Every structure is written in structure tokens, then in C-alpha cells.
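K.L.:
One structure is given below, represented as C-alpha cells, and several questions about it will come after.
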Amino acid sequence: MMKRPSLFLPVILLLPLSACAAAQGGDAGAPSLAKRTVEGRFDVAPPSVVVAPPGPLPADLAGRLARWESDGNAAQQAFAAERGNTVTLVSAAAGAPVASERWVVAQQAISRLIAARAPLTSALADIDRLYLERSIDEAVDGLPDVYALRERLADMASAQDAIVQALSDQLPGE
């Protein structure tokens with residue numbers, strides 16, 4: 001049996017064309033998309049908001065920041081003093097098996113190196129807590145000073161982290 005072409009297909013193809021023609025005809029009942037007169041009345045610029053810049057560091061914070069900076073510097077010096085001995089011990093244990101005497105001594109040296117930086121990490125935690133508390137309370141006075149000290153101490157801690165990680169990576173089993 002042979003199929004005859006359907007007339008339905010050409011009719012389907014003509015439907016979108018007739019819909020377009022009807023849309024362009026301009027129906028009087030359809031709303032206009034032109035701007036109405038009332039729409040321009042409320043084009044008013046919002047008032048500018050003046051935000052006062054942060055003031056100086058409050059006196060009660062200046063002492064704490066000075067102490068934290070001193071703690072960070074002292075921790076940096078202790079870390080630097082401990083680093084040389086740790087490098088020597090880790091180098092000596094580089095080929096030693098895990099849990100051997102040299103390996104354990106090198107691990108202990110790395111632990112002492114990490115302990116030497118405790119005042120720095122403690123000061124950094126205290127500064128983070130202070131920064132969050134002052135931000136939540138919207139007490140912006142002194143925040144630039146707090147943030148600047150936090151960045152300096154965070155850079156120190158990051159550099160120390162890299163050194164500890166590099167030394168740990170030299171030991172087998174790490």
C-alpha cells in the first residue's frame with residue numbers, strides 16, 4: 001500500500017506565519033508597552049549616605065595590639081632559633097626508617113618548632129576574635145590597625161607553616 005502525502009503538514013507550517021501576521025495587525029484591546037506619564041514622576045535619586053571613616057584606635061585596644069605584636073615577634077625569633085637545629089635533625093633522619101631513633105628525634109624537633117610558634121598563633125586567634133566582635137558590634141574605630149596587625153601576623157604564620165610542612169615532607173612516612 002502506497003502512502004499519500006498528507007495535507008496536514010502544509011497547514012501546520014502556515015500556522016506560525018498566520019500568528020505573526022495577527023500580532024502585527026495591532027489589536028486595540030492589548031495594552032501598550034509605551035512609558036506612561038505617571039512612570040516618570042518617581043525617578044528621584046536616593047539621598048546620599050555619608051559614612052564616617054573609622055576613628056583612631058581606642059586606648060584599651062592599643063595596649064592589647066602592642067602585646068600581640070610583641071608576642072608575634074617573640075614567637076618569630078623563637079621559631080628562627082629552633083629552625084636551624086630542626087633542619088639538621090630532619091636532614092639526618094631523611095633516609096631513616098619510620099619509628100627509628102633518628103626519625104623520632106626529628107619528629108620531636110618538628111614538635112618543638114611548632115611549639116615555639118604558639119604565642120604567634122594564639123595572638124592571631126585573639127586578633128581574629130577581636131576583629132569579629134568589633135565588626136559585629138559595628139565598632140569600626142581602630143579596625144584598620146587591627147586588620148593591618150592581623151595581616152602581618154598571618155603572613156608570619158603562613159611562612160612558618162610552609163617551613164614546617166617542608167620539613168615534615170622530608171621525613172619518610174609523612
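How things are named: the first chain in the C-alpha cells is A, the next is B, and so on; residues count from 1 in each chain; ligands count from 1 in the order shown.
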List as number ranges by chain the protein and nucleic acid residues near Pro56 of chain A, meaning an atom at most 12 Å away when only C-alpha atoms are counted, but skip any in the same chain fewer than 3 places from it.
P.N.:
A: 53, 59-62, 139-146
K.L.:
Please produce an output containing C-alpha atoms for each residue in the selection, written as a JSON list (two decimals), in the first residue's frame.
P.N.:
[["chain", "number", "residue", "atom", "x", "y", "z"],
["A", 53, "PRO", "CA", 35.67, 56.93, 58.34],
["A", 59, "ALA", "CA", 43.13, 53.35, 74.11],
["A", 60, "ASP", "CA", 42.06, 49.99, 75.56],
["A", 61, "LEU", "CA", 42.89, 48.25, 72.27],
["A", 62, "ALA", "CA", 46.26, 49.89, 71.69],
["A", 139, "ALA", "CA", 32.67, 49.39, 66.31],
["A", 140, "VAL", "CA", 34.81, 50.47, 63.39],
["A", 141, "ASP", "CA", 37.24, 52.68, 65.29],
["A", 142, "GLY", "CA", 40.68, 51.16, 65.07],
["A", 143, "LEU", "CA", 39.69, 48.35, 62.69],
["A", 144, "PRO", "CA", 42.29, 49.34, 60.08],
["A", 145, "ASP", "CA", 45.01, 49.00, 62.73],
["A", 146, "VAL", "CA", 43.61, 45.66, 63.91]]
K.L.:
Counting only C-alpha atoms, figure out which residue out of A:Val49, A:Ala96, A:Ala80, A:Val105 gets nearest to Ala159 of chain A.
P.N.:
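Ranked by minimum distance to Ala159 of chain A, first place goes to A:Ala80.
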K.L.:
If I take atom CA of Ala115 of chain A and atom CA of Gly173 of chain A, how far is one from the other in Å, to one decimal?
P.N.:
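Atom CA of Gly173 of chain A lies at a distance of 21.5 Å from atom CA of Ala115 of chain A.
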K.L.:
Would you pick out the contacts of Ala148 of chain A at 12 Å or less, using only C-alpha atoms, so that residues sharing its chain but fewer than 3 positions from it are not included, and give the list as a count of residues only?
P.N.:
15
K.L.:
Hey, can you check how far atom CA of Asn73 of chain A sits from atom CA of Ala109 of chain A?
P.N.:
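Atom-to-atom, atom CA of Asn73 of chain A and atom CA of Ala109 of chain A are spaced 20.8 Å apart.
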